[in-house]
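Student: Please see the structure below; I have some questions.
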Protein chains: 2
Amino acid sequence: MGEVIATYRLETRDADLHKRAESIAVGLTVGTWTDLPAVKQERMRERLGRVVGVEAGPPDGRGVRTATIRIGYPSMNFRPSIPEILTTVFGKLSLDGVIRLADLTWTPDVEAAFPGPKFGIDGIRELLGVGDRPLVMSIFKSCMGLSTAEFAAAFAEQAAGGVDLVKDDEIFFADDEAPWEERIARCREVIEDRLAKTGQRVLYAANLSGPVDELADKAAAGIRAGATAFLLNVLPYGYGVLERLAADPRITVPLIAHPAFSGALFASPATGVAPAVALGKLMRLAGADAVLFPSPYGSVVMDREDALAVADALRSESSLRRAWPGPAAGVHPGIVPRLWKDFGRDQILNAGGGIHGHPGGIAAGGRAMRQAVEWAMQGRSLREGGLPEELRLAVEKWGVME
Amino acid sequence: MGEVIATYRLETRDADLHKRAESIAVGLTVGTWTDLPAVKQERMRERLGRVVGVEAGPPDGRGVRTATIRIGYPSMNFRPSIPEILTTVFGKLSLDGVIRLADLTWTPDVEAAFPGPKFGIDGIRELLGVGDRPLVMSIFKSCMGLSTAEFAAAFAEQAAGGVDLVKDDEIFFADDEAPWEERIARCREVIEDRLAKTGQRVLYAANLSGPVDELADKAAAGIRAGATAFLLNVLPYGYGVLERLAADPRITVPLIAHPAFSGALFASPATGVAPAVALGKLMRLAGADAVLFPSPYGSVVMDREDALAVADALRSESSLRRAWPGPAAGVHPGIVPRLWKDFGRDQILNAGGGIHGHPGGIAAGGRAMRQAVEWAMQGRSLREGGLPEELRLAVEKWGVME
């Protein structure tokens, strides 16, 4: 029987945690159990949640214990839909005191019912023709107010640095001056031009936004105009939107998940949803090919353990394609050695200011990032002499964290 | 110029909070400012965020201050869409330390671009022909596994108690045995039957679920089958889904918002999104006609101040229709006096176990709730003698909280 197993971490004064666990298992599935007549129990047994485990630490001075409760929910109680799973396992329960959805696992039948990433790590490597190194993504500094021509020029400047992907600013919505299909088409021309002239392949991740029920059509129109990837603010739109985009056969390009708003779910460690679930497991299940998250070392940081857990959830063995972790925020060439050690070959390094702020200009900034990757892969220290010019300038400006 | 103003509460070691505020105002709008050439500044000025206010308390022993920062975001930077507003005002920022989106206000032009509730308080009163008292909503104990006939019978039993609305369990998804249009049609028959025989009007709020891009069509099919209201798990699906349902001219019945998953946003007081924003302002803006939330007195509780703030956000003066606050979870007749004092005439009292567990049965449970409302409106104590029979039994079982 298929099952989704939720692990909760909670702070509680309950003396009888098994009773608490039972009440969750019953309350969030069949509603009541002991009161049911035997014949009804027979009919409902396969829908009944089960207590998988209960553990608790010792009470603190106030009599509060930190406990872990694991509940298995029969997958027949919901359809393969993240909104339905979240409502079941952390709908009412999210409101019930100090409690966190710490982990979520599922049986293979559940996973098989979801699309998962269409491209993932191998698929994007194939699109780019890059087999053996971390990818570098450049972030538009600000897209707002650029005309289509300015936009395409800014894209070309970033691409010229040898980055693999360039993404829109995630807050780029009002694009009257560089409209969706028009800017996608112009960036595609730049892409084709670079491919013809230099053999470099680069993807442009356009920020997909709009009314939820029009997003798939808008994506399809974008693809007709030449789109090569999309960026999506998954949490503000809902996992259900990503699921549908990933399942849509018209959407034949990678989907890159931005972590906007996800801090609202996990900034406090005792409540909400763990990052490895919110940005890791659920994103991959819903079909993200890559997921951005704050690196442990930049301007906006995520705890290193959380960041590693997100990456692990995206890349661990599973029937779904592996997705890219994308450490971001305040990334510059001097941080690359750390990110290489932490996240290895299969990561997308995201840099905004760390490319745009390069003393030699934007293209030089991209080259410095690529050089830092090469250097890290060769196990060479950025403190050695003989750095390539662009990398040397970057290290002079931003320093090194090894 | 239109604007959305966000109020953030944060814990910070920043010595210069004005600088921090400026960096938010610039970073989440035009990206950079002082580096821009004058001609570009001219072009971008109307898109630039502004610091509305900065306040900070004294540092604690660790040098951390609690601060309030208010930033105004030009509404021309996004379309009238809650996902776009949330991405802008609390996308990246939600990931930046201990910070909470404490309030959100907007200029009239922003509000005017949203549908808001189609019915709201006055509209639902009109549908029910109930002008002068709080409404009572009964919650299906468990919908799972009921056949259509059993479902309709359970609906009829609840309606017989004189409640105004009956809602599906919010975790009711796998409805193969009581399929959407079939159970809606059967409940509609019960509704018409009661209207003809007793003059009582009652609404059935069916739990709308499914793939996000099919929800509007499913709702429309439900309406053709006789639907009188829908329940929606707004947070798991996303505010954008509610927005679109509310704006859809085919959807001619009230939309009731369930708070499932919302605790993940506000269970910790220092992070996430304040309940008055998450369940109040944004729900009303997106078009919820009624919003359920944990009452301050039941089995799952919300702080009384938060609950009052949610109700206030739903009902305060605005160009949008006023929406119903719906205190829920562990509500029984003995709690009604408190809820009456807190939330007054324009509330929907939700009871599940407090109706189903009545010693005299489900219809008696509904009557006891209605009697408790009458009693409270007359300013009479439940501790007086002379209670009607059903109310007396309820009070004997569950006690009184006055």
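Starting from 1 in every chain, residues are counted up; chains themselves are A, B, ... following the order of the structure tokens, and ligands are numbered from 1 as listed.
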Quick one: superpose chain B onto chain A using all C-alpha atoms paired in order, least squares, and give it to me as a short mmCIF file (atom, residue, chain, number, x, y, z; two decimals) with C-alpha atoms, in the first residue's frame.

Tutor:
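Saved as part26.cif:
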data_model
loop_
_atom_site.label_atom_id
_atom_site.label_comp_id
_atom_site.auth_asym_id
_atom_site.auth_seq_id
_atom_site.Cartn_x
_atom_site.Cartn_y
_atom_site.Cartn_z
CA MET B 1 -0.02 0.04 -0.04
CA GLY B 2 1.28 3.45 -0.99
CA GLU B 3 2.06 5.90 1.74
CA VAL B 4 3.41 9.36 2.42
CA ILE B 5 5.34 9.45 5.67
CA ALA B 6 5.66 12.78 7.46
CA THR B 7 8.18 13.41 10.20
CA TYR B 8 7.18 16.12 12.63
CA ARG B 9 9.36 17.78 15.21
CA LEU B 10 7.32 19.39 17.95
CA GLU B 11 7.60 21.00 21.33
CA THR B 12 4.98 19.62 23.62
CA ARG B 13 3.76 19.25 27.17
CA ASP B 14 1.74 16.15 26.23
CA ALA B 15 2.47 13.40 28.71
CA ASP B 16 1.21 10.71 26.34
CA LEU B 17 2.87 11.21 22.99
CA HIS B 18 1.62 7.95 21.59
CA LYS B 19 -1.90 9.17 22.16
CA ARG B 20 -1.03 12.44 20.44
CA ALA B 21 0.46 10.54 17.51
CA GLU B 22 -2.59 8.29 17.27
CA SER B 23 -4.88 11.29 17.26
CA ILE B 24 -2.94 12.77 14.32
CA ALA B 25 -2.95 9.47 12.42
CA VAL B 26 -6.70 9.11 12.89
CA GLY B 27 -7.70 12.78 12.78
CA LEU B 28 -5.97 13.53 9.49
CA THR B 29 -7.29 10.46 7.72
CA VAL B 30 -10.54 8.78 8.70
CA GLY B 31 -11.52 11.27 11.42
CA THR B 32 -12.59 8.80 14.13
CA TRP B 33 -11.75 5.19 14.73
CA THR B 34 -12.65 3.68 18.09
CA ASP B 35 -16.22 5.01 17.80
CA LEU B 36 -16.73 3.39 14.41
CA PRO B 37 -18.83 0.25 14.12
CA ALA B 38 -16.76 -2.82 13.20
CA VAL B 39 -18.17 -3.02 9.70
CA LYS B 40 -17.21 0.61 9.04
CA GLN B 41 -13.75 0.00 10.50
CA GLU B 42 -13.35 -2.83 8.02
CA ARG B 43 -14.20 -0.50 5.15
CA MET B 44 -12.01 2.34 6.37
CA ARG B 45 -8.98 0.40 7.56
CA GLU B 46 -6.99 0.95 4.37
CA ARG B 47 -7.49 4.72 4.68
CA LEU B 48 -6.39 4.92 8.30
CA GLY B 49 -3.10 6.67 9.04
CA ARG B 50 -0.52 4.81 11.10
CA VAL B 51 1.97 5.85 13.72
CA VAL B 52 5.39 4.99 12.34
CA GLY B 53 7.40 6.21 15.30
CA VAL B 54 7.45 8.41 18.37
CA GLU B 55 10.52 9.70 20.18
CA ALA B 56 10.92 12.36 22.80
CA GLY B 57 13.69 14.06 24.67
CA PRO B 58 13.60 14.87 28.38
CA PRO B 59 11.40 17.73 29.61
CA ASP B 60 13.07 21.12 30.02
CA GLY B 61 12.57 23.39 33.02
CA ARG B 62 9.07 24.34 31.80
CA GLY B 63 8.07 20.72 31.31
CA VAL B 64 8.32 21.01 27.53
CA ARG B 65 9.79 18.13 25.54
CA THR B 66 11.07 18.11 22.00
CA ALA B 67 9.52 15.16 20.27
CA THR B 68 9.62 13.50 16.89
CA ILE B 69 6.47 11.89 15.55
CA ARG B 70 6.27 9.97 12.26
CA ILE B 71 2.93 9.32 10.66
CA GLY B 72 2.20 7.33 7.52
CA TYR B 73 -0.72 8.56 5.38
CA PRO B 74 -2.23 6.14 2.86
CA SER B 75 -1.70 7.57 -0.59
CA MET B 76 -5.20 6.52 -1.63
CA ASN B 77 -6.47 9.43 0.52
CA PHE B 78 -5.27 12.03 -1.97
CA ARG B 79 -4.40 12.38 -5.61
CA PRO B 80 -0.79 12.85 -6.74
CA SER B 81 -0.81 16.56 -5.97
CA ILE B 82 1.45 18.50 -3.64
CA PRO B 83 -1.37 20.84 -2.52
CA GLU B 84 -3.40 17.78 -1.46
CA ILE B 85 -0.44 16.13 0.26
CA LEU B 86 0.46 19.34 2.11
CA THR B 87 -3.15 19.91 3.17
CA THR B 88 -3.29 16.39 4.52
CA VAL B 89 0.02 16.17 6.33
CA PHE B 90 0.46 19.80 7.40
CA GLY B 91 -2.85 21.56 6.87
CA LYS B 92 -4.62 21.74 10.22
CA LEU B 93 -1.51 20.44 11.97
CA SER B 94 0.56 23.48 10.97
CA LEU B 95 -1.74 25.50 13.23
CA ASP B 96 -1.35 23.23 16.24
CA GLY B 97 1.40 24.74 18.35
CA VAL B 98 5.15 24.61 17.89
CA ILE B 99 5.48 21.98 15.19
CA ARG B 100 7.64 21.59 12.10
CA LEU B 101 7.28 19.37 9.07
CA ALA B 102 10.84 18.10 9.35
CA ASP B 103 10.82 15.47 6.64
CA LEU B 104 8.58 13.88 4.06
CA THR B 105 9.15 10.56 2.34
CA TRP B 106 6.94 8.39 0.17
CA THR B 107 6.64 4.98 -1.38
CA PRO B 108 7.63 4.44 -5.05
CA ASP B 109 4.02 4.46 -6.27
CA VAL B 110 3.61 8.05 -5.03
CA GLU B 111 6.78 9.18 -6.76
CA ALA B 112 5.81 7.39 -9.95
CA ALA B 113 2.63 9.44 -10.16
CA PHE B 114 4.56 12.71 -10.34
CA PRO B 115 6.36 13.98 -13.40
CA GLY B 116 9.56 15.04 -11.69
CA PRO B 117 12.19 16.99 -13.62
CA LYS B 118 12.03 16.73 -17.42
CA PHE B 119 15.71 17.52 -17.79
CA GLY B 120 17.48 17.52 -14.47
CA ILE B 121 21.23 17.30 -14.25
CA ASP B 122 21.85 15.07 -17.24
CA GLY B 123 19.30 16.77 -19.45
CA ILE B 124 20.67 20.26 -18.90
CA ARG B 125 24.23 19.00 -19.38
CA GLU B 126 23.11 17.60 -22.69
CA LEU B 127 21.42 20.83 -23.76
CA LEU B 128 24.61 22.74 -22.96
CA GLY B 129 27.12 20.14 -24.11
CA VAL B 130 28.91 20.47 -20.77
CA GLY B 131 29.68 17.13 -19.25
CA ASP B 132 32.16 17.56 -16.51
CA ARG B 133 31.97 20.74 -14.49
CA PRO B 134 29.69 22.91 -12.36
CA LEU B 135 27.63 25.36 -14.37
CA VAL B 136 27.73 29.11 -13.96
CA MET B 137 24.56 31.20 -14.08
CA SER B 138 24.53 34.97 -14.33
CA ILE B 139 21.66 36.99 -12.90
CA PHE B 140 20.41 40.12 -14.62
CA LYS B 141 21.27 42.95 -12.29
CA SER B 142 17.95 44.66 -12.82
CA CYS B 143 15.62 43.93 -15.70
CA MET B 144 13.11 46.60 -14.82
CA GLY B 145 12.69 49.41 -17.30
CA LEU B 146 15.06 48.00 -19.93
CA SER B 147 13.90 48.18 -23.51
CA THR B 148 14.05 44.98 -25.54
CA ALA B 149 17.23 46.18 -27.24
CA GLU B 150 18.88 47.08 -23.94
CA PHE B 151 17.75 43.78 -22.54
CA ALA B 152 19.25 41.78 -25.40
CA ALA B 153 22.47 43.76 -25.11
CA ALA B 154 22.68 43.06 -21.37
CA PHE B 155 22.05 39.40 -22.12
CA ALA B 156 24.79 39.33 -24.75
CA GLU B 157 27.25 40.97 -22.39
CA GLN B 158 26.63 38.30 -19.77
CA ALA B 159 26.74 35.46 -22.28
CA ALA B 160 30.06 36.78 -23.59
CA GLY B 161 31.69 35.91 -20.28
CA GLY B 162 31.14 32.23 -20.98
CA VAL B 163 28.39 31.59 -18.46
CA ASP B 164 26.04 28.68 -19.10
CA LEU B 165 22.79 30.29 -18.09
CA VAL B 166 21.46 33.79 -17.61
CA LYS B 167 18.32 34.39 -15.61
CA ASP B 168 15.86 37.21 -15.25
CA ASP B 169 15.59 39.04 -11.99
CA GLU B 170 12.88 37.19 -10.04
CA ILE B 171 11.07 40.47 -9.35
CA PHE B 172 10.78 41.25 -13.06
CA PHE B 173 7.05 41.37 -13.76
CA ALA B 174 6.15 44.66 -15.40
CA ASP B 175 7.85 44.00 -18.72
CA ASP B 176 5.98 46.36 -21.02
CA GLU B 177 9.23 47.71 -22.39
CA ALA B 178 10.76 44.29 -23.03
CA PRO B 179 7.69 42.10 -23.55
CA TRP B 180 7.79 38.36 -23.02
CA GLU B 181 7.92 36.95 -26.54
CA GLU B 182 9.87 39.85 -27.94
CA ARG B 183 12.70 39.67 -25.43
CA ILE B 184 12.76 35.89 -25.59
CA ALA B 185 13.10 36.06 -29.37
CA ARG B 186 15.87 38.65 -29.17
CA CYS B 187 17.80 36.69 -26.56
CA ARG B 188 17.41 33.60 -28.73
CA GLU B 189 19.04 35.49 -31.59
CA VAL B 190 21.97 36.27 -29.31
CA ILE B 191 22.13 32.61 -28.30
CA GLU B 192 22.14 31.40 -31.89
CA ASP B 193 24.71 33.98 -32.84
CA ARG B 194 27.10 32.87 -30.09
CA LEU B 195 26.60 29.24 -30.98
CA ALA B 196 27.41 29.90 -34.61
CA LYS B 197 30.42 32.09 -33.88
CA THR B 198 31.93 30.48 -30.78
CA GLY B 199 30.26 27.11 -30.26
CA GLN B 200 29.16 28.23 -26.79
CA ARG B 201 25.68 27.21 -25.72
CA VAL B 202 23.81 29.33 -23.21
CA LEU B 203 20.28 29.18 -21.81
CA TYR B 204 18.12 32.19 -21.00
CA ALA B 205 15.76 31.59 -18.07
CA ALA B 206 12.87 34.01 -18.52
CA ASN B 207 10.80 34.77 -15.40
CA LEU B 208 7.43 33.14 -15.97
CA SER B 209 4.68 35.13 -14.27
CA GLY B 210 1.05 36.02 -14.73
CA PRO B 211 -2.38 34.63 -13.85
CA VAL B 212 -1.95 31.02 -12.68
CA ASP B 213 -4.35 29.58 -15.21
CA GLU B 214 -2.54 31.29 -18.08
CA LEU B 215 1.03 30.35 -17.15
CA ALA B 216 1.18 27.16 -19.20
CA ASP B 217 -0.09 28.94 -22.31
CA LYS B 218 2.32 31.79 -21.70
CA ALA B 219 5.17 29.32 -21.37
CA ALA B 220 4.09 27.63 -24.58
CA ALA B 221 4.02 30.99 -26.36
CA GLY B 222 7.47 31.69 -24.96
CA ILE B 223 8.71 28.42 -26.40
CA ARG B 224 7.31 29.26 -29.81
CA ALA B 225 9.21 32.55 -29.55
CA GLY B 226 12.45 30.70 -28.82
CA ALA B 227 12.58 30.25 -25.04
CA THR B 228 15.33 28.00 -23.76
CA ALA B 229 14.41 27.90 -20.02
CA PHE B 230 12.01 29.42 -17.50
CA LEU B 231 12.42 30.76 -14.00
CA LEU B 232 9.46 30.32 -11.62
CA ASN B 233 8.80 31.74 -8.16
CA VAL B 234 7.41 28.43 -7.00
CA LEU B 235 6.31 29.28 -3.46
CA PRO B 236 4.31 32.41 -4.33
CA TYR B 237 2.60 30.57 -7.19
CA GLY B 238 2.26 27.23 -5.43
CA TYR B 239 3.83 23.83 -6.05
CA GLY B 240 0.71 22.90 -7.97
CA VAL B 241 1.65 25.35 -10.69
CA LEU B 242 5.12 23.85 -11.09
CA GLU B 243 3.61 20.36 -11.18
CA ARG B 244 1.36 21.29 -14.05
CA LEU B 245 4.08 23.07 -16.01
CA ALA B 246 6.38 20.08 -15.61
CA ALA B 247 3.64 17.73 -16.78
CA ASP B 248 2.74 19.85 -19.81
CA PRO B 249 4.13 18.25 -22.99
CA ARG B 250 4.32 21.67 -24.67
CA ILE B 251 6.91 22.82 -22.17
CA THR B 252 10.08 21.43 -23.62
CA VAL B 253 12.66 23.51 -21.75
CA PRO B 254 14.09 23.36 -18.21
CA LEU B 255 12.23 24.88 -15.27
CA ILE B 256 14.36 26.68 -12.71
CA ALA B 257 12.83 27.22 -9.27
CA HIS B 258 13.51 30.46 -7.41
CA PRO B 259 13.31 30.26 -3.59
CA ALA B 260 11.40 33.56 -3.21
CA PHE B 261 9.11 33.54 -0.16
CA SER B 262 10.46 30.18 1.06
CA GLY B 263 12.09 31.84 4.07
CA ALA B 264 8.56 32.49 5.36
CA LEU B 265 8.30 28.70 5.72
CA PHE B 266 11.58 27.87 7.42
CA ALA B 267 13.29 30.93 8.88
CA SER B 268 12.33 29.80 12.38
CA PRO B 269 13.75 26.36 13.07
CA ALA B 270 10.95 25.04 15.28
CA THR B 271 8.01 25.67 12.95
CA GLY B 272 7.13 25.61 9.27
CA VAL B 273 8.69 23.26 6.77
CA ALA B 274 12.34 22.17 6.68
CA PRO B 275 14.33 23.57 3.72
CA ALA B 276 15.21 20.07 2.51
CA VAL B 277 11.48 19.45 2.10
CA ALA B 278 10.37 22.87 0.87
CA LEU B 279 13.24 23.51 -1.55
CA GLY B 280 14.49 19.96 -1.99
CA LYS B 281 12.10 17.05 -2.04
CA LEU B 282 8.91 18.88 -3.03
CA MET B 283 10.62 20.90 -5.76
CA ARG B 284 12.08 17.79 -7.35
CA LEU B 285 8.81 15.90 -7.01
CA ALA B 286 6.97 18.80 -8.65
CA GLY B 287 9.44 18.88 -11.53
CA ALA B 288 12.06 21.58 -10.96
CA ASP B 289 15.18 20.95 -13.04
CA ALA B 290 17.22 23.26 -10.84
CA VAL B 291 16.54 24.97 -7.52
CA LEU B 292 18.21 28.12 -6.31
CA PHE B 293 18.84 28.68 -2.60
CA PRO B 294 21.03 30.97 -0.52
CA SER B 295 24.59 29.69 -0.34
CA PRO B 296 26.03 29.35 3.17
CA TYR B 297 28.61 32.05 2.44
CA GLY B 298 27.07 35.05 0.74
CA SER B 299 25.09 38.14 1.53
CA VAL B 300 21.92 36.24 2.38
CA VAL B 301 22.84 32.90 3.90
CA MET B 302 21.32 29.53 4.60
CA ASP B 303 22.76 27.28 7.32
CA ARG B 304 25.35 25.05 5.71
CA GLU B 305 23.63 21.90 6.94
CA ASP B 306 20.31 23.01 5.52
CA ALA B 307 21.91 23.91 2.20
CA LEU B 308 23.63 20.52 2.01
CA ALA B 309 20.36 18.81 2.85
CA VAL B 310 18.57 20.69 0.05
CA ALA B 311 21.27 19.64 -2.41
CA ASP B 312 21.09 16.08 -1.19
CA ALA B 313 17.32 15.96 -1.62
CA LEU B 314 17.68 17.21 -5.18
CA ARG B 315 20.38 14.76 -6.20
CA SER B 316 19.92 11.59 -4.14
CA GLU B 317 19.06 8.25 -5.71
CA SER B 318 15.40 8.08 -6.70
CA SER B 319 13.23 7.14 -9.63
CA LEU B 320 13.03 10.86 -10.49
CA ARG B 321 15.71 12.62 -12.48
CA ARG B 322 18.31 14.37 -10.36
CA ALA B 323 17.90 18.15 -10.13
CA TRP B 324 20.55 20.86 -9.88
CA PRO B 325 21.23 22.63 -6.62
CA GLY B 326 21.97 26.31 -7.27
CA PRO B 327 23.68 28.14 -4.42
CA ALA B 328 23.11 31.87 -4.84
CA ALA B 329 23.19 35.32 -3.21
CA GLY B 330 26.48 37.11 -2.78
CA VAL B 331 28.38 34.48 -4.76
CA HIS B 332 31.67 35.73 -6.28
CA PRO B 333 34.77 33.94 -7.59
CA GLY B 334 36.45 33.96 -4.16
CA ILE B 335 33.64 31.83 -2.70
CA VAL B 336 33.80 29.24 -5.48
CA PRO B 337 36.36 26.98 -3.71
CA ARG B 338 33.99 26.57 -0.76
CA LEU B 339 30.99 25.90 -2.98
CA TRP B 340 33.02 23.37 -4.95
CA LYS B 341 33.92 21.55 -1.74
CA ASP B 342 30.33 21.63 -0.48
CA PHE B 343 28.33 20.94 -3.61
CA GLY B 344 30.80 19.40 -6.06
CA ARG B 345 30.47 18.98 -9.80
CA ASP B 346 26.69 18.95 -10.14
CA GLN B 347 25.79 22.47 -9.07
CA ILE B 348 24.85 25.71 -10.74
CA LEU B 349 26.83 28.60 -9.28
CA ASN B 350 24.72 31.75 -9.40
CA ALA B 351 26.34 35.14 -9.42
CA GLY B 352 24.77 38.56 -9.82
CA GLY B 353 26.87 41.28 -8.24
CA GLY B 354 29.80 38.85 -8.29
CA ILE B 355 29.73 39.08 -12.09
CA HIS B 356 28.31 42.56 -12.72
CA GLY B 357 30.61 44.23 -10.21
CA HIS B 358 33.82 42.89 -11.74
CA PRO B 359 36.36 45.71 -12.27
CA GLY B 360 36.88 44.57 -15.86
CA GLY B 361 33.19 44.59 -16.72
CA ILE B 362 30.44 42.02 -17.02
CA ALA B 363 32.05 39.66 -19.53
CA ALA B 364 35.24 39.69 -17.46
CA GLY B 365 33.07 38.87 -14.44
CA GLY B 366 31.68 35.79 -16.17
CA ARG B 367 35.17 34.70 -17.18
CA ALA B 368 36.42 35.14 -13.62
CA MET B 369 33.64 32.83 -12.37
CA ARG B 370 34.50 30.21 -14.99
CA GLN B 371 38.20 30.52 -14.14
CA ALA B 372 37.44 30.12 -10.44
CA VAL B 373 35.56 26.91 -11.24
CA GLU B 374 38.52 25.57 -13.25
CA TRP B 375 40.92 26.51 -10.48
CA ALA B 376 38.80 24.82 -7.82
CA MET B 377 38.42 21.65 -9.91
CA GLN B 378 42.19 21.47 -10.26
CA GLY B 379 42.47 21.73 -6.49
CA ARG B 380 44.54 24.90 -6.75
CA SER B 381 44.31 27.66 -4.19
CA LEU B 382 43.15 31.14 -5.17
CA ARG B 383 45.93 32.37 -2.92
CA GLU B 384 48.58 30.93 -5.30
CA GLY B 385 50.23 33.19 -7.78
CA GLY B 386 49.59 32.92 -11.50
CA LEU B 387 45.83 33.46 -11.47
CA PRO B 388 44.33 34.41 -14.83
CA GLU B 389 43.85 38.16 -15.12
CA GLU B 390 40.06 38.31 -14.60
CA LEU B 391 40.20 35.95 -11.64
CA ARG B 392 43.04 37.91 -10.08
CA LEU B 393 41.05 41.15 -10.29
CA ALA B 394 38.00 39.47 -8.76
CA VAL B 395 39.99 38.08 -5.89
CA GLU B 396 41.58 41.48 -5.30
CA LYS B 397 38.14 43.05 -5.09
CA TRP B 398 36.16 40.46 -3.15
CA GLY B 399 38.77 38.38 -1.36
CA VAL B 400 38.93 34.62 -0.95
CA MET B 401 37.04 32.19 1.24
CA GLU B 402 38.68 28.79 0.95
#

Student: List every residue of segment 90-338 of chain B that DSSP, applied to the backbone of this structure, places in strand (DSSP E), and write the result as number ranges by chain.

Tutor: B: 99-106, 135-139, 165-167, 203-207, 229-233, 255-258, 272-273, 290-294, 324-328

Student: Could you give me, as a PyMOL selection string, each residue of segment 136-307 of chain A that DSSP assigns to helix (DSSP H, G or I) when run on this structure's backbone?

Tutor: chain A and resi 148-159+180-198+212-224+234-237+239-247+263-266+275-286+304-307
